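> mmCIF, C-alpha atoms, saved as model-v6.cif, coming up:
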data_work
loop_
_atom_site.label_atom_id
_atom_site.label_comp_id
_atom_site.auth_asym_id
_atom_site.auth_seq_id
_atom_site.Cartn_x
_atom_site.Cartn_y
_atom_site.Cartn_z
CA MET A 1 -10.89 8.53 -9.22
CA ALA A 2 -13.49 6.22 -7.73
CA ARG A 3 -13.62 4.23 -10.97
CA ALA A 4 -9.83 4.03 -11.01
CA GLY A 5 -9.90 3.00 -7.36
CA GLN A 6 -12.34 0.19 -7.98
CA LEU A 7 -10.13 -1.13 -10.77
CA VAL A 8 -7.14 -0.98 -8.41
CA ALA A 9 -9.08 -3.05 -5.86
CA GLU A 10 -10.06 -5.59 -8.51
CA THR A 11 -6.44 -5.87 -9.69
CA ILE A 12 -5.15 -6.49 -6.16
CA ALA A 13 -7.89 -9.07 -5.58
CA LEU A 14 -6.96 -10.79 -8.87
CA LEU A 15 -3.32 -10.99 -7.80
CA GLY A 16 -4.43 -12.43 -4.47
CA GLU A 17 -6.18 -15.23 -6.31
CA ALA A 18 -3.09 -15.90 -8.45
CA LEU A 19 -0.67 -15.74 -5.53
CA GLN A 20 0.25 -19.38 -5.03
CA PRO A 21 3.57 -21.09 -4.26
CA GLY A 22 5.61 -21.46 -7.43
CA ILE A 23 4.46 -18.36 -9.28
CA THR A 24 7.06 -15.67 -9.94
CA THR A 25 6.58 -11.99 -9.21
CA SER A 26 7.13 -11.22 -12.91
CA GLU A 27 4.20 -13.51 -13.77
CA LEU A 28 2.03 -11.66 -11.25
CA ASP A 29 3.06 -8.35 -12.83
CA ARG A 30 2.10 -9.60 -16.29
CA ILE A 31 -1.34 -10.63 -15.02
CA ALA A 32 -1.88 -7.18 -13.52
CA ASP A 33 -0.62 -5.29 -16.57
CA GLU A 34 -2.92 -7.17 -18.96
CA PHE A 35 -5.94 -6.83 -16.65
CA ILE A 36 -5.48 -3.08 -16.20
CA ARG A 37 -5.06 -2.40 -19.93
CA ASP A 38 -7.97 -4.69 -20.84
CA HIS A 39 -10.14 -2.38 -18.71
CA GLY A 40 -9.11 0.78 -20.55
CA ALA A 41 -6.64 2.09 -17.98
CA VAL A 42 -2.87 2.22 -17.66
CA PRO A 43 -0.59 1.12 -14.81
CA THR A 44 0.73 4.37 -13.34
CA SER A 45 3.96 2.83 -12.11
CA LYS A 46 5.16 1.68 -15.53
CA GLY A 47 7.58 4.32 -16.76
CA TYR A 48 7.10 6.52 -13.69
CA ARG A 49 10.55 8.05 -13.12
CA GLY A 50 11.91 5.10 -15.13
CA TYR A 51 10.24 2.34 -13.11
CA PRO A 52 10.14 -0.76 -15.34
CA ALA A 53 7.01 -2.64 -14.24
CA ALA A 54 3.23 -2.26 -13.83
CA THR A 55 3.25 -3.11 -10.12
CA CYS A 56 5.52 -3.10 -7.11
CA ILE A 57 5.75 -6.56 -5.54
CA SER A 58 7.82 -6.79 -2.37
CA PRO A 59 8.49 -10.11 -0.60
CA ASN A 60 9.19 -10.64 3.10
CA SER A 61 11.73 -8.09 4.42
CA MET A 62 11.28 -5.86 1.38
CA VAL A 63 9.06 -2.95 2.41
CA VAL A 64 8.16 -1.28 -0.89
CA HIS A 65 9.07 -0.74 -4.57
CA GLY A 66 10.09 -4.32 -5.29
CA ILE A 67 10.65 -4.75 -9.04
CA PRO A 68 8.87 -7.92 -10.21
CA GLY A 69 11.29 -10.53 -11.46
CA GLY A 70 12.45 -14.04 -10.78
CA HIS A 71 11.43 -14.34 -7.12
CA ARG A 72 9.40 -17.53 -6.90
CA VAL A 73 6.72 -17.35 -4.24
CA GLU A 74 7.01 -19.87 -1.41
CA ASP A 75 4.75 -21.05 1.36
CA GLY A 76 5.28 -18.78 4.36
CA ASP A 77 6.09 -15.66 2.33
CA LEU A 78 4.63 -12.25 2.97
CA ILE A 79 4.04 -10.60 -0.41
CA SER A 80 3.18 -6.89 -0.61
CA VAL A 81 1.38 -5.86 -3.80
CA ASP A 82 1.25 -2.12 -4.63
CA VAL A 83 -0.86 -0.99 -7.59
CA GLY A 84 -1.43 2.47 -9.06
CA ILE A 85 -3.83 2.99 -11.96
CA THR A 86 -4.51 6.01 -14.15
CA LEU A 87 -7.99 6.21 -15.68
CA GLU A 88 -9.09 9.27 -17.66
CA GLY A 89 -6.25 11.31 -16.21
CA LEU A 90 -6.89 10.47 -12.55
CA VAL A 91 -4.83 8.20 -10.30
CA ALA A 92 -5.75 5.80 -7.51
CA ASP A 93 -3.19 3.90 -5.45
CA SER A 94 -3.49 0.97 -3.05
CA ALA A 95 -1.43 -1.82 -1.50
CA TYR A 96 -2.08 -5.03 0.38
CA THR A 97 0.24 -7.57 2.00
CA TYR A 98 -0.76 -11.19 1.53
CA ALA A 99 0.27 -14.18 3.61
CA VAL A 100 1.11 -17.16 1.39
CA GLY A 101 0.05 -20.45 2.95
CA ASP A 102 1.09 -20.94 6.57
CA VAL A 103 3.11 -18.07 8.04
CA ASP A 104 4.69 -17.86 11.47
CA ASP A 105 2.79 -16.29 14.36
CA GLU A 106 4.79 -13.05 14.35
CA SER A 107 4.16 -12.51 10.64
CA ALA A 108 0.45 -13.18 11.09
CA ARG A 109 0.32 -10.67 13.93
CA LEU A 110 2.24 -8.11 11.85
CA LEU A 111 -0.41 -8.31 9.15
CA GLU A 112 -3.23 -7.97 11.65
CA VAL A 113 -1.62 -4.91 13.23
CA GLY A 114 -1.07 -3.38 9.77
CA LYS A 115 -4.78 -3.73 9.02
CA GLN A 116 -5.70 -2.20 12.36
CA ALA A 117 -3.28 0.67 11.75
CA ILE A 118 -4.68 1.66 8.37
CA GLU A 119 -8.22 1.46 9.71
CA ALA A 120 -7.22 3.75 12.60
CA GLY A 121 -5.57 6.20 10.22
CA ILE A 122 -8.56 6.31 7.90
CA GLU A 123 -10.86 6.90 10.88
CA GLN A 124 -8.99 10.18 11.50
CA ALA A 125 -9.14 11.23 7.84
CA ARG A 126 -12.05 13.66 7.98
CA ALA A 127 -12.57 17.36 7.36
CA GLY A 128 -11.42 19.51 10.27
CA ASN A 129 -8.73 17.09 11.45
CA ARG A 130 -5.08 17.43 10.55
CA VAL A 131 -2.57 15.11 8.89
CA GLY A 132 -0.94 14.56 12.28
CA ASP A 133 -4.15 12.95 13.54
CA ILE A 134 -3.80 10.25 10.87
CA SER A 135 -0.09 9.85 11.56
CA HIS A 136 -0.50 9.56 15.32
CA ALA A 137 -3.32 7.02 15.05
CA VAL A 138 -1.16 4.74 12.88
CA GLN A 139 1.87 5.10 15.15
CA GLU A 140 -0.08 4.31 18.31
CA ILE A 141 -1.43 1.04 16.92
CA VAL A 142 1.88 -0.14 15.45
CA GLU A 143 4.22 0.79 18.29
CA GLY A 144 1.67 -0.25 20.88
CA ALA A 145 1.92 -3.76 19.42
CA GLY A 146 5.73 -3.73 19.66
CA PHE A 147 6.37 -3.17 15.95
CA SER A 148 7.94 -0.21 14.10
CA VAL A 149 6.80 2.30 11.52
CA VAL A 150 9.25 3.13 8.74
CA ARG A 151 9.93 6.83 9.25
CA SER A 152 11.73 7.54 5.98
CA LEU A 153 8.71 6.57 3.84
CA VAL A 154 5.35 8.34 3.86
CA GLY A 155 1.88 8.41 2.40
CA HIS A 156 0.91 11.27 0.11
CA GLY A 157 -1.69 13.22 -1.76
CA VAL A 158 -2.82 11.58 -5.01
CA GLY A 159 -5.09 12.60 -7.87
CA ARG A 160 -3.90 14.31 -11.01
CA SER A 161 -0.41 12.99 -10.23
CA TYR A 162 0.90 9.88 -8.50
CA HIS A 163 2.51 11.77 -5.62
CA GLU A 164 1.17 15.13 -4.50
CA GLU A 165 1.20 17.21 -1.34
CA PRO A 166 0.66 16.77 1.51
CA GLN A 167 2.98 14.09 2.79
CA VAL A 168 1.27 11.73 5.25
CA PRO A 169 3.81 10.24 7.69
CA ASN A 170 2.98 7.19 9.79
CA PHE A 171 4.15 8.87 12.98
CA GLY A 172 3.54 12.28 14.50
CA GLU A 173 1.62 14.41 16.92
CA PRO A 174 -2.16 14.84 16.82
CA GLY A 175 -3.43 18.28 15.89
CA ARG A 176 -0.33 19.10 13.82
CA GLY A 177 0.27 19.36 10.09
CA PRO A 178 -1.93 20.44 7.17
CA LEU A 179 -5.65 20.87 7.75
CA LEU A 180 -7.83 18.20 6.11
CA GLN A 181 -10.51 19.70 3.89
CA THR A 182 -13.43 18.26 1.95
CA GLY A 183 -12.35 17.17 -1.52
CA MET A 184 -8.74 16.32 -0.65
CA THR A 185 -7.63 12.86 -1.79
CA LEU A 186 -4.89 11.04 0.10
CA ALA A 187 -3.01 7.76 -0.08
CA ILE A 188 -2.77 6.56 3.52
CA GLU A 189 -0.19 3.77 3.73
CA PRO A 190 1.29 2.30 6.90
CA MET A 191 4.65 0.65 6.14
CA ILE A 192 5.61 -1.34 9.20
CA THR A 193 8.21 -3.85 10.31
CA ALA A 194 8.50 -6.61 12.88
CA GLY A 195 11.90 -5.23 13.90
CA GLY A 196 13.45 -1.77 13.74
CA PRO A 197 12.41 1.18 11.56
CA ASP A 198 15.61 1.46 9.51
CA VAL A 199 15.62 0.56 5.81
CA TYR A 200 18.09 0.54 2.92
CA LEU A 201 17.89 1.06 -0.83
CA HIS A 202 18.94 -1.83 -3.08
CA ASP A 203 21.36 -1.45 -5.99
CA ASP A 204 18.42 -1.29 -8.42
CA ASP A 205 17.67 2.18 -6.95
CA TRP A 206 14.04 1.19 -6.26
CA SER A 207 13.62 -1.73 -3.86
CA ILE A 208 13.68 -0.84 -0.16
CA SER A 209 14.16 -3.46 2.58
CA THR A 210 14.52 -3.55 6.35
CA THR A 211 18.10 -3.14 7.52
CA ASP A 212 17.74 -5.84 10.17
CA GLY A 213 16.09 -8.36 7.84
CA SER A 214 12.81 -8.33 9.74
CA MET A 215 9.50 -8.97 7.99
CA ALA A 216 7.62 -5.96 6.61
CA ALA A 217 4.01 -5.21 5.74
CA HIS A 218 2.41 -2.47 3.63
CA PHE A 219 -1.26 -1.51 3.49
CA GLU A 220 -2.60 1.43 1.49
CA HIS A 221 -5.91 2.98 0.50
CA THR A 222 -6.77 6.07 -1.51
CA VAL A 223 -9.41 8.04 0.39
CA ALA A 224 -11.45 11.17 -0.25
CA ILE A 225 -11.87 13.58 2.65
CA GLN A 226 -15.47 14.41 3.51
CA ASP A 227 -17.48 15.80 6.40
CA GLY A 228 -17.63 12.66 8.51
CA PRO A 229 -15.91 9.38 7.59
CA ALA A 230 -13.62 9.40 4.56
CA ARG A 231 -14.75 7.70 1.37
CA ILE A 232 -12.42 4.79 0.59
CA LEU A 233 -11.95 4.87 -3.18
CA THR A 234 -9.95 1.64 -3.37
CA ARG A 235 -12.33 -0.51 -1.32
CA ALA A 236 -12.88 -4.00 -2.76
CA LYS A 237 -16.55 -4.78 -3.45
CA THR A 238 -15.83 -8.50 -3.35
CA PRO A 239 -12.83 -9.45 -1.17
CA ALA A 240 -10.37 -11.99 -2.53
CA LYS A 241 -10.15 -15.39 -0.87
CA ALA A 242 -7.06 -14.22 0.99
CA GLY A 243 -9.10 -11.35 2.41
CA LEU A 244 -8.81 -7.70 1.45
CA LEU A 245 -9.51 -4.79 3.73
CA PRO A 246 -13.23 -4.08 4.04
#
Since I need it in another form, could you write the structure as structure tokens?


Amino acid sequence: MARAGQLVAETIALLGEALQPGITTSELDRIADEFIRDHGAVPTSKGYRGYPAATCISPNSMVVHGIPGGHRVEDGDLISVDVGITLEGLVADSAYTYAVGDVDDESARLLEVGKQAIEAGIEQARAGNRVGDISHAVQEIVEGAGFSVVRSLVGHGVGRSYHEEPQVPNFGEPGRGPLLQTGMTLAIEPMITAGGPDVYLHDDDWSISTTDGSMAAHFEHTVAIQDGPARILTRAKTPAKAGLLP
């Protein structure tokens, strides 16, 4: 899983380098697909429950599961890139939201809060804690900044399959939920908005956007639970120019 996770991080960094005004999301998906396969792995998303692409790329008010297509990236966009990779039967999953060029102050603050939220959640991901400790830490950061967590979408276990138990909400009470034990592997993924928490499903049956049209951000890491701090399996060794999570 760690090898898969490193390849996920490298793929997201590569897309960050390619993410310039004028490129389409379908071109970004092609770059990712070729890179993943050239390294002996497969993109987990492609064909998963009929999903048609190697990556999920979600612009602006789209929260998650954006199908790459004709959207042409513009200066000021927020572009969320979500990548899952299967290597030797094991899955790692990560996401990062990039700012393209100059973004407005609220969007910049949304991204900063999203990074703080995932860091806070991962800090609570250690043996002896409970899922609710992760959830509460994320919620406190996001709502304390005046933003919202999407309550209908959650993080999850990951490993042999893309989505496993337990679910990892981005809101909740500390000390509640499944006990975290050494060896568990989780995808922790704050999905947050600059407006309200409500979202809707597009006609393609995949893409999910904010109901109020507010900007969204999505950050995700696959982590392994240990005694002490979690091991981040999707950590980038060399951050992209746009800046990946440490």

> Which residues, written as a ChimeraX atom specification, have at least one atom at most 9 Å from A:Leu28, with all atoms listed in the file counted and residues fewer than 2 positions away on the same chain left out?

/A:15,18-19,23-26,30-33,55,57,68

> Can you measure atom CA of A:Ile85 to atom CA of A:Gly40 for me? One decimal in Å is fine.

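We find that atom CA of A:Ile85 and atom CA of A:Gly40 lie 10.3 Å from each other.
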
> With the file shown as input, list the residues that the PyMOL selection byres ((chain A and resi 150) around 12) selects, as a compact mmCIF listing (two decimals) with C-alpha atoms, keeping the file's coordinate frame.


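Result file part.txt:
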# COMPACT_ATOMS: atom_id res chain seq x y z
CA MET A 62 11.28 -5.86 1.38
CA VAL A 63 9.06 -2.95 2.41
CA VAL A 64 8.16 -1.28 -0.89
CA SER A 135 -0.09 9.85 11.56
CA VAL A 138 -1.16 4.74 12.88
CA GLN A 139 1.87 5.10 15.15
CA VAL A 142 1.88 -0.14 15.45
CA GLU A 143 4.22 0.79 18.29
CA PHE A 147 6.37 -3.17 15.95
CA SER A 148 7.94 -0.21 14.10
CA VAL A 149 6.80 2.30 11.52
CA ARG A 151 9.93 6.83 9.25
CA SER A 152 11.73 7.54 5.98
CA LEU A 153 8.71 6.57 3.84
CA VAL A 154 5.35 8.34 3.86
CA GLY A 155 1.88 8.41 2.40
CA PRO A 169 3.81 10.24 7.69
CA ASN A 170 2.98 7.19 9.79
CA PHE A 171 4.15 8.87 12.98
CA GLU A 189 -0.19 3.77 3.73
CA PRO A 190 1.29 2.30 6.90
CA MET A 191 4.65 0.65 6.14
CA ILE A 192 5.61 -1.34 9.20
CA THR A 193 8.21 -3.85 10.31
CA ALA A 194 8.50 -6.61 12.88
CA GLY A 195 11.90 -5.23 13.90
CA GLY A 196 13.45 -1.77 13.74
CA PRO A 197 12.41 1.18 11.56
CA ASP A 198 15.61 1.46 9.51
CA VAL A 199 15.62 0.56 5.81
CA TYR A 200 18.09 0.54 2.92
CA ILE A 208 13.68 -0.84 -0.16
CA SER A 209 14.16 -3.46 2.58
CA THR A 210 14.52 -3.55 6.35
CA THR A 211 18.10 -3.14 7.52
CA ALA A 216 7.62 -5.96 6.61
CA ALA A 217 4.01 -5.21 5.74
CA HIS A 218 2.41 -2.47 3.63

> Using the chain letters and numbers from the file, give me the residues hit by the PyMOL selection byres ((chain A and resi 67) around 8), as a PyMOL selection string.

chain A and resi 52-53+55-58+65-66+68-69+206-207

> Which of these residues is nearest to A:Val113, using only C-alpha atoms: A:Ile141, A:Ala125, A:Ala236, A:Val91?

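Of the candidates, the smallest distance to A:Val113 is held by A:Ile141.
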
> For the file shown, what are the residues hit by the PyMOL selection byres ((chain A and resi 74) around 8), laid out as a ChimeraX atom specification?

/A:20-22,72-73,75-77,100

> Smallest atom-to-atom distance to A:Leu110: which of A:Met215, A:Leu90, A:Ala13, A:Ile122, using only C-alpha atoms?

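Distance minimum relative to A:Leu110 lands on A:Met215.
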
> Considering all atoms listed in the file, return as a PyMOL selection string whatever protein or nucleic-acid residues lie within 9 Å of A:Ala99, sequence-local ones (same chain, fewer than 4 positions apart) excluded.

chain A and resi 75-80+103+107-108+111+242

> Write out the residues from the selection above, keeping C-alpha atoms, as a tab-separated table (two decimals), in the frame of the given file.


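Result written to out_37.tsv:
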chain	number	residue	atom	x	y	z
A	75	ASP	CA	4.75	-21.05	1.36
A	76	GLY	CA	5.28	-18.78	4.36
A	77	ASP	CA	6.09	-15.66	2.33
A	78	LEU	CA	4.63	-12.25	2.97
A	79	ILE	CA	4.04	-10.60	-0.41
A	80	SER	CA	3.18	-6.89	-0.61
A	103	VAL	CA	3.11	-18.07	8.04
A	107	SER	CA	4.16	-12.51	10.64
A	108	ALA	CA	0.45	-13.18	11.09
A	111	LEU	CA	-0.41	-8.31	9.15
A	242	ALA	CA	-7.06	-14.22	0.99

> To one decimal in Å, tell me the separation between atom CA of A:Ala120 and atom CA of A:Gln181.

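If I compute the distance from atom CA of A:Ala120 to atom CA of A:Gln181, I get 18.5 Å.
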
> Suppose you want the space between atom CA of A:Val42 and atom CA of A:Leu87; what is it in Å?

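Atom-to-atom, atom CA of A:Val42 and atom CA of A:Leu87 are spaced 6.8 Å apart.
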
> Measuring atom to atom with only C-alpha atoms, identify which of A:Glu173, A:Asp104, A:Glu165, A:Glu220 is nearest to A:Gly84.

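Between A:Glu173, A:Asp104, A:Glu165, A:Glu220, the residue approaching A:Gly84 most closely is A:Glu220.
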
> From the options A:His202, A:Arg3, A:Arg126, A:Lys46, which residue's atoms come nearest to A:Gly228, counting all atoms listed in the file?

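Closest to A:Gly228 of all the choices is A:Arg126.
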
> Pick out the closest residue to A:Ser61 from this set: A:Gln226, A:Ser161, A:Ser45, A:Ser214. Count only C-alpha atoms.

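Closest residue, counting only C-alpha atoms: A:Ser214.
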